[in-house]
Structure formats: C-alpha cells, structure tokens
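J.: Contents of run-v8.txt (compact mmCIF, C-alpha atoms) are given next:
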```
# COMPACT_ATOMS: atom_id res chain seq x y z
CA MET A 25 -14.48 13.05 3.30
CA ILE A 26 -11.52 11.19 1.85
CA TYR A 27 -9.44 12.24 4.87
CA LEU A 28 -12.12 11.06 7.30
CA LYS A 29 -12.19 7.71 5.51
CA ARG A 30 -8.40 7.39 5.72
CA ILE A 31 -8.43 8.20 9.44
CA LEU A 32 -11.13 5.60 10.06
CA ASN A 33 -9.06 3.07 8.09
CA LEU A 34 -5.99 3.85 10.16
CA LEU A 35 -7.91 3.48 13.43
CA CYS A 36 -9.30 0.15 12.26
CA LEU A 37 -12.85 1.53 12.37
CA SER A 38 -13.81 0.54 8.84
CA GLY A 39 -14.29 -2.68 6.89
CA PHE A 40 -11.84 -4.45 4.63
CA GLU A 41 -10.59 -2.52 1.64
CA TYR A 42 -10.86 -3.91 -1.86
CA ALA A 43 -8.96 -3.66 -5.15
CA LYS A 44 -8.11 -0.03 -5.93
CA ASP A 45 -8.46 1.26 -2.36
CA HIS A 46 -6.37 -1.62 -1.02
CA TRP A 47 -3.62 -0.98 -3.58
CA LYS A 48 -3.52 2.76 -2.89
CA SER A 49 -3.58 2.29 0.90
CA GLN A 50 -0.70 -0.18 0.74
CA ARG A 51 1.46 2.33 -1.14
CA GLU A 52 0.39 5.25 1.04
CA THR A 53 1.19 3.42 4.27
CA ALA A 54 4.51 2.26 2.77
CA VAL A 55 5.63 5.83 2.03
CA ILE A 56 4.55 7.03 5.50
CA LEU A 57 6.32 4.06 7.14
CA VAL A 58 9.58 4.94 5.37
CA LEU A 59 9.53 8.16 7.40
CA LEU A 60 8.16 6.74 10.66
CA SER A 61 10.39 3.67 10.84
CA GLY A 62 13.39 5.76 9.80
CA TRP A 63 12.62 8.02 12.75
CA PHE A 64 12.42 5.03 15.11
CA ILE A 65 15.75 3.58 13.93
CA TYR A 66 17.29 7.02 14.48
CA GLN A 67 15.78 7.16 18.00
CA ILE A 68 17.11 3.68 18.87
CA LEU A 69 20.62 4.53 17.73
CA PHE A 70 20.95 8.03 19.15
CA ASN A 71 18.55 8.06 22.12
CA LEU A 72 16.84 4.90 23.32
CA GLN A 73 19.84 2.58 23.60
CA TYR A 74 21.36 4.88 26.28
CA LEU A 75 18.22 5.32 28.39
CA ASP A 76 16.99 3.53 31.53
CA TYR A 77 13.29 3.30 32.46
CA ASP A 78 12.95 6.90 33.66
CA GLY A 79 14.68 8.15 30.56
CA VAL A 80 12.47 6.09 28.24
CA LEU A 81 9.34 7.19 30.14
CA PHE A 82 10.37 10.84 29.82
CA TRP A 83 11.19 10.31 26.14
CA ALA A 84 7.83 8.64 25.44
CA SER A 85 5.86 11.30 27.33
CA GLU A 86 7.21 14.10 25.16
CA PRO A 87 4.12 15.01 23.06
CA LEU A 88 5.88 14.82 19.70
CA ASN A 89 7.54 11.47 20.48
CA ALA A 90 4.27 10.06 21.84
CA LEU A 91 2.42 11.16 18.70
CA ILE A 92 4.97 9.71 16.29
CA LEU A 93 5.27 6.48 18.31
CA CYS A 94 1.48 6.11 18.23
CA LEU A 95 1.38 6.75 14.47
CA LEU A 96 4.24 4.29 13.90
CA SER A 97 2.39 1.54 15.75
CA LEU A 98 -0.92 2.24 13.97
CA TYR A 99 0.58 2.49 10.47
CA LEU A 100 2.78 -0.57 11.04
CA ILE A 101 -0.12 -2.86 11.89
CA TYR A 102 -2.28 -1.30 9.14
CA HIS A 103 0.43 -1.91 6.51
CA ALA A 104 1.03 -5.40 7.87
CA GLU A 105 -2.66 -6.29 7.60
CA LEU A 106 -2.81 -5.10 3.99
CA GLY A 107 0.31 -7.08 3.12
CA LEU A 108 -0.86 -10.27 4.82
CA GLN A 109 -4.17 -10.04 2.98
CA VAL A 110 -2.32 -10.07 -0.35
CA ILE A 111 -0.28 -13.10 0.70
CA LEU A 112 -3.41 -14.96 1.88
CA GLU A 113 -5.25 -14.13 -1.36
CA ASP A 114 -2.38 -15.71 -3.29
CA TYR A 115 -1.89 -18.88 -1.28
CA VAL A 116 -5.20 -19.72 0.39
CA SER A 117 -7.67 -20.75 -2.29
CA THR A 118 -10.41 -22.07 -0.01
CA LEU A 119 -12.67 -19.05 0.38
CA SER A 120 -14.06 -19.89 3.82
CA LEU A 121 -10.56 -20.40 5.18
CA ARG A 122 -9.35 -17.20 3.58
CA THR A 123 -12.23 -15.17 5.01
CA MET A 124 -11.65 -16.64 8.43
CA SER A 125 -7.94 -15.79 8.31
CA PHE A 126 -8.84 -12.19 7.39
CA TYR A 127 -10.91 -11.93 10.55
CA VAL A 128 -8.17 -13.48 12.70
CA ILE A 129 -5.72 -10.85 11.47
CA ARG A 130 -8.34 -8.13 12.00
CA ALA A 131 -8.85 -9.26 15.61
CA PHE A 132 -5.09 -9.16 16.12
CA ARG A 133 -4.93 -5.65 14.65
CA ILE A 134 -7.77 -4.40 16.87
CA ALA A 135 -5.83 -5.71 19.89
CA VAL A 136 -2.69 -3.83 18.77
CA VAL A 137 -4.66 -0.60 18.20
CA LEU A 138 -6.26 -0.83 21.65
CA ILE A 139 -2.93 -1.61 23.36
CA THR A 140 -1.31 1.32 21.57
CA PHE A 141 -4.00 3.81 22.58
CA TYR A 142 -4.15 2.58 26.17
CA SER A 143 -0.35 2.75 26.53
CA ILE A 144 0.21 6.11 24.87
CA PHE A 145 -2.70 7.59 26.81
CA SER A 146 -1.44 6.42 30.19
CA ILE A 147 2.16 7.40 29.39
CA THR A 148 1.30 10.96 28.34
CA VAL A 149 -1.52 11.69 30.79
CA GLY A 150 -0.08 9.68 33.68
CA THR A 151 3.24 11.51 33.80
CA ASN A 152 1.89 15.06 33.57
CA MET B 24 -15.56 -26.18 0.62
CA SER B 25 -16.00 -23.67 -2.17
CA LYS B 26 -12.94 -22.84 -4.20
CA GLU B 27 -12.59 -19.64 -6.10
CA LYS B 28 -12.49 -20.02 -9.88
CA GLN B 29 -9.29 -18.03 -10.23
CA PRO B 30 -6.07 -20.04 -10.42
CA LEU B 31 -3.96 -20.26 -7.27
CA SER B 32 -0.93 -18.08 -7.73
CA PRO B 33 2.01 -17.89 -7.70
CA HIS B 34 3.03 -21.54 -7.86
CA LEU B 35 6.40 -21.37 -6.20
CA SER B 36 7.46 -24.81 -7.39
CA VAL B 37 7.00 -24.34 -11.14
CA TYR B 38 9.25 -21.34 -11.63
CA LYS B 39 12.93 -21.45 -12.37
CA TRP B 40 14.63 -19.74 -9.45
CA GLN B 41 16.19 -16.47 -10.49
CA VAL B 42 17.11 -13.12 -8.97
CA THR B 43 13.72 -11.47 -9.49
CA ASN B 44 11.42 -14.08 -7.96
CA THR B 45 13.86 -14.83 -5.14
CA LEU B 46 13.88 -11.17 -4.09
CA SER B 47 10.10 -11.07 -4.44
CA ILE B 48 9.52 -14.01 -2.12
CA LEU B 49 12.09 -12.58 0.30
CA HIS B 50 10.04 -9.38 0.37
CA ARG B 51 7.01 -11.38 1.48
CA LEU B 52 8.96 -13.47 3.97
CA SER B 53 10.59 -10.42 5.54
CA GLY B 54 7.24 -8.65 5.62
CA PHE B 55 5.64 -11.57 7.41
CA ALA B 56 8.52 -11.73 9.90
CA LEU B 57 8.22 -7.99 10.56
CA PHE B 58 4.49 -8.39 11.19
CA ILE B 59 5.21 -10.83 14.01
CA VAL B 60 8.01 -8.65 15.37
CA GLY B 61 5.86 -5.52 15.09
CA PHE B 62 3.80 -6.96 17.91
CA SER B 63 6.83 -6.66 20.19
CA LEU B 64 6.74 -2.91 19.57
CA SER B 65 3.26 -2.87 21.14
CA ILE B 66 4.48 -5.01 24.05
CA TRP B 67 7.38 -2.60 24.56
CA ILE B 68 5.12 0.49 24.52
CA LEU B 69 2.70 -1.28 26.89
CA SER B 70 5.54 -2.12 29.27
CA ILE B 71 6.54 1.56 29.44
CA SER B 72 3.01 2.46 30.50
CA ILE B 73 2.75 -0.30 33.11
CA GLY B 74 5.86 0.63 35.07
CA GLN B 75 9.50 0.04 35.91
CA GLU B 76 9.25 -3.64 36.91
CA MET B 77 7.43 -4.69 33.75
CA PHE B 78 9.71 -2.54 31.60
CA ASP B 79 12.84 -4.08 33.11
CA ALA B 80 11.42 -7.60 32.74
CA ILE B 81 10.55 -7.03 29.07
CA SER B 82 13.91 -5.32 28.45
CA SER B 83 15.86 -8.22 29.93
CA ILE B 84 14.00 -10.63 27.63
CA PHE B 85 14.63 -8.33 24.64
CA ILE B 86 18.39 -8.13 25.26
CA SER B 87 18.98 -11.80 26.12
CA PRO B 88 21.58 -13.48 23.83
CA ILE B 89 18.95 -15.48 21.90
CA ALA B 90 16.85 -12.35 21.41
CA ILE B 91 19.88 -10.38 20.20
CA GLY B 92 20.49 -13.09 17.60
CA LEU B 93 16.87 -12.76 16.48
CA TRP B 94 17.11 -8.95 16.42
CA VAL B 95 20.06 -9.20 14.03
CA LEU B 96 17.86 -11.23 11.65
CA VAL B 97 14.99 -8.81 12.26
CA THR B 98 17.06 -5.74 11.41
CA GLN B 99 18.30 -7.50 8.27
CA ALA B 100 14.68 -8.28 7.34
CA PHE B 101 13.69 -4.70 8.15
CA PHE B 102 16.38 -3.02 6.05
CA TYR B 103 15.72 -5.44 3.18
CA HIS B 104 11.96 -4.85 3.27
CA PHE B 105 12.54 -1.10 3.64
CA LEU B 106 14.84 -0.84 0.62
CA ASN B 107 12.99 -3.35 -1.55
CA GLY B 108 9.77 -1.51 -0.70
CA ILE B 109 11.29 1.67 -2.14
CA ARG B 110 12.20 -0.42 -5.22
CA HIS B 111 8.55 -1.46 -5.43
CA LEU B 112 7.46 2.20 -5.22
CA PHE B 113 9.68 3.02 -8.20
CA TRP B 114 7.99 0.22 -10.16
CA ASP B 115 4.63 1.71 -9.18
CA ILE B 116 5.53 4.96 -10.93
CA GLY B 117 6.65 2.93 -13.95
CA LYS B 118 10.42 3.06 -13.57
CA GLY B 119 13.05 0.31 -13.54
CA PHE B 120 11.36 -2.53 -15.42
CA GLU B 121 14.22 -3.36 -17.81
CA THR B 122 15.93 -6.68 -17.02
CA ARG B 123 19.27 -4.94 -16.56
CA GLU B 124 17.74 -2.34 -14.21
CA LEU B 125 15.95 -5.06 -12.23
CA LYS B 126 19.18 -6.92 -11.60
CA ILE B 127 21.13 -3.79 -10.69
CA SER B 128 18.44 -2.42 -8.34
CA GLY B 129 18.08 -5.89 -6.78
CA ALA B 130 21.81 -6.12 -6.15
CA ILE B 131 21.85 -2.59 -4.69
CA VAL B 132 19.01 -3.49 -2.31
CA VAL B 133 20.68 -6.68 -1.08
CA ILE B 134 24.14 -5.16 -0.63
CA LEU B 135 22.87 -1.92 0.92
CA SER B 136 20.65 -3.82 3.37
CA LEU B 137 23.65 -5.89 4.51
CA ILE B 138 25.72 -2.72 4.94
CA LEU B 139 22.97 -0.92 6.88
CA THR B 140 22.46 -3.93 9.17
CA ALA B 141 26.21 -4.09 9.85
CA LEU B 142 26.36 -0.34 10.53
CA PHE B 143 23.34 -0.54 12.85
CA TRP B 144 24.90 -3.23 15.02
CA LEU B 145 28.32 -1.61 14.89
CA CYS B 146 26.66 1.49 16.29
CA ILE B 147 24.88 -0.49 19.03
CA PHE B 148 27.86 -2.59 20.14
CA SER B 149 30.48 0.14 19.96
CA ASP B 150 28.40 2.46 22.14
CA SER B 151 27.25 -0.07 24.71
CA ASN B 152 30.80 -0.95 25.75
```
Write the structure described by the file as structure tokens, please.
T.:
Amino acid sequence: MIYLKRILNLLCLSGFEYAKDHWKSQRETAVILVLLSGWFIYQILFNLQYLDYDGVLFWASEPLNALILCLLSLYLIYHAELGLQVILEDYVSTLSLRTMSFYVIRAFRIAVVLITFYSIFSITVGTN
Amino acid sequence: MSKEKQPLSPHLSVYKWQVTNTLSILHRLSGFALFIVGFSLSIWILSISIGQEMFDAISSIFISPIAIGLWVLVTQAFFYHFLNGIRHLFWDIGKGFETRELKISGAIVVILSLILTALFWLCIFSDSN
C-alpha cells in the first residue's frame, strides 16, 4: 500500500502531504533526483549537445531514455512543489494567501505532469 | 485575514549574516530558480513531441546569447543545490553538525559547485567548436 501511495503522490493524484510524510517525501525525492539529474547532465554532455532534431527524437524514443526522462520530469516538479511549500510556510503568514498559493503551485504541477505524459507518450508511440 | 498563531520565521533581517545562514538562503534561492527553470525541461520535451519546426524554434531560443548567460547561472544554481542538498542529507542522518564541520562542508560545496560549473561549460564550449 505504501508503494501505491508513493506512486499516486508522484503522479500528483493525491492531496497535500503534511508533517512527517512531507519531510520523508522531500528527502526521498532528493535522493532519487541526485541520480536522475546526474543522468541528465551526463546525457547533455556526452549525447544531447551533439544531436540535431532527428537524433534527439531517436534518443528520446529509446524506451529506457523515455522512462528516465519521464521520471526526471515528474520527480523534479514533485520535489519543487514540496520545497516551495516549505518556503511559503515560512514567509507567508496569512493563511488564506498561503492556501491559495499552494493551489496555484498544484495547478502548475498538474500542467507539468500532463505535458510530460502527453509528450513522452507521443514521442514513444508516434515513432514506432 | 486570519493569521496563524505561530511566529513568522525565519526573520531574515534580524540575524547576523554568517556562512551558515547565507548558504541556507542560497539553497532556497537556487531551489526556487530551478523550479522556474524546470518548466523549460517540460517545454523542451513537449517541443520534441510536436516536431522539427517547434524543436528548432525552442532550441534557437535556448541557445541565444542571453539564454546562454542565464544557463550559466542556472548550472551554477543546479550544482550548488545538488551539492548542498547532499550536505542536507548528511545532516538528516545526524552527521556534520559541529561548527568546524559546517564551515568546511560549506566551503567544499561552494568551491566544488564552482569547479563543476566551470567543467560543464568547458566541456560544452570545447566540443561545440
């Protein structure tokens, strides 16, 4: 069940996390992002900077690359949301304003998740 | 307007500026900057899926001189946030809280992030010529 909950959190299909869960999720996503962002920096330096559109399309349609790129995008925006929530909790003391800003960020994150899924889906399915 | 009963924290203006709180606020600043930039990752992925014209248009914006200047700042922010985040993870398992250790690890993070940023751009510019 814990894994299902984490997957729902990653896909932005669950509510806001509080206290202990928030703290643990922030650390978990941080550790995962060390690996994922390290992979992306490696890809920029040794692959992507040399490629034209066809090359990038081929690169992104490789199943493993598509999967990791998708995970990178999802974990990045998840980690960013958690971090921004902490900042807002510290500096915005008006509760209504704080709550509203949480929802603005959530809307932004939903947009990123949808864009990511749409793009990765059409890249992988469209080129095969 | 209801205010929460907890005190607003941290008051940036009342602290004496020192290594520890400077690096802490830089962690937040770089994190916030990376959040905005992270959106360009989505735009880039989207442009791949749309097609060559959109990809080329987005690419030409991304490698314009102003954008390159911003990317340099972004990579600096990224490597700083990356390394300082690892420093945070060590604190989370209870290591490195002594004042001497804090200063040393802070210095390592700052210097290493500058080196990594320089290496990254050296790698980009030396290969693209």
J.: Return the single residue from B:Val97, B:Ile147, B:Val132, B:Ile138 that is closest to chain A, with distances computed using all atoms listed in the file.
T.: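 Closest to chain A of all the choices is B:Ile147.
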J.: Set the distance at 10 Å and use all atoms listed in the file: which residues neighbour segment 67-80 of chain B once local chain neighbours fewer than 3 positions away are removed? I'd like the list as JSON, numbers by chain.
T.: {"A": [76, 77, 78, 80, 81, 84, 85, 90, 93, 94, 97, 139, 140, 141, 142, 143, 144, 145, 146, 147, 148, 150, 151], "B": [62, 63, 64, 83, 84, 85]}
J.: Show me the residues around (22.6, -1.7, 16.6) - criterion: an atom at most 10 Å away, all atoms listed in the file counted - as a short mmCIF file (atom, residue, chain, number, x, y, z; two decimals) with C-alpha atoms, in the coordinates of the input.
T.:
```cif
data_model
loop_
_atom_site.label_atom_id
_atom_site.label_comp_id
_atom_site.auth_asym_id
_atom_site.auth_seq_id
_atom_site.Cartn_x
_atom_site.Cartn_y
_atom_site.Cartn_z
CA ILE A 65 15.75 3.58 13.93
CA ILE A 68 17.11 3.68 18.87
CA LEU A 69 20.62 4.53 17.73
CA GLN A 73 19.84 2.58 23.60
CA ILE B 91 19.88 -10.38 20.20
CA TRP B 94 17.11 -8.95 16.42
CA VAL B 95 20.06 -9.20 14.03
CA THR B 98 17.06 -5.74 11.41
CA LEU B 139 22.97 -0.92 6.88
CA THR B 140 22.46 -3.93 9.17
CA ALA B 141 26.21 -4.09 9.85
CA LEU B 142 26.36 -0.34 10.53
CA PHE B 143 23.34 -0.54 12.85
CA TRP B 144 24.90 -3.23 15.02
CA LEU B 145 28.32 -1.61 14.89
CA CYS B 146 26.66 1.49 16.29
CA ILE B 147 24.88 -0.49 19.03
CA PHE B 148 27.86 -2.59 20.14
CA SER B 149 30.48 0.14 19.96
CA ASP B 150 28.40 2.46 22.14
CA SER B 151 27.25 -0.07 24.71
#
```
J.: What does the distance from atom CA of Asn107 of chain B to atom CA of Leu137 of chain B come to in Å, to one decimal?
T.: 12.5 Å
J.: Please measure the separation of atom CA of Phe102 of chain B and atom CA of Leu91 of chain A, giving the value in Å to one decimal.
T.: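 Atom-to-atom, atom CA of Phe102 of chain B and atom CA of Leu91 of chain A are spaced 23.6 Å apart.
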J.: Could you state the separation of atom CA of Val149 of chain A and atom CA of Ile92 of chain A in Å, given to one decimal place?
T.: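 Straight-line distance from atom CA of Val149 of chain A to atom CA of Ile92 of chain A works out to 16.0 Å.
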J.: Pick from A:Val137, A:Leu106, A:Met124, A:Leu112: nearest to His46 of chain A, with all atoms listed in the file counted?
T.: A:Leu106
J.: Extract, using all atoms listed in the file, all DNA, RNA and protein residues at most 12 Å from segment 30-43 of chain A, discarding same-chain residues fewer than 4 positions from it, and format them as a ChimeraX atom specification.
T.: /A:25-26,47-50,52-53,56,94-107,109-110,113,123,126-127,129-138,140-141
J.: For a quick check of understanding, using all atoms listed in the file, which of B:Leu112, B:Ile86, B:Ser47, B:Ile81 has the smallest distance to chain A?
T.: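 That would be B:Leu112, the residue with the smallest distance to chain A.
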J.: Excluding same-chain residues fewer than 6 positions from Ile111 of chain A, what lies within 12 Å of it counting all atoms listed in the file, as a ChimeraX atom specification?
T.: /A:104-105,117,122,125-126 /B:31-33,47-48,50-52,54-55
J.: Put the listed atoms of segment 122-126 of chain B in a box along x, y and z with 4 Å added on every side and give me the centre and edge lengths in Å to one decimal, as JSON.
T.:
```
{"center_x": 17.6, "center_y": -4.6, "center_z": -14.3, "size_x": 11.3, "size_y": 12.6, "size_z": 13.4}
```
J.: Using all atoms listed in the file for the distances, tell me which of B:Ile116, B:Leu93, B:Val37, B:Val42 is nearest to chain A.
T.: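 For chain A, the nearest of the candidates is B:Ile116.
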J.: With all atoms listed in the file as the atoms that count, which of A:Phe64, A:Tyr27, A:Arg51, A:Leu72 lies nearest to chain B?
T.: A:Arg51
J.: With distances taken over all atoms listed in the file, which of A:Leu59, A:Leu119, A:Leu75, A:Leu88 is nearest to chain B?
T.: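 Result for the nearest residue to chain B: A:Leu119.
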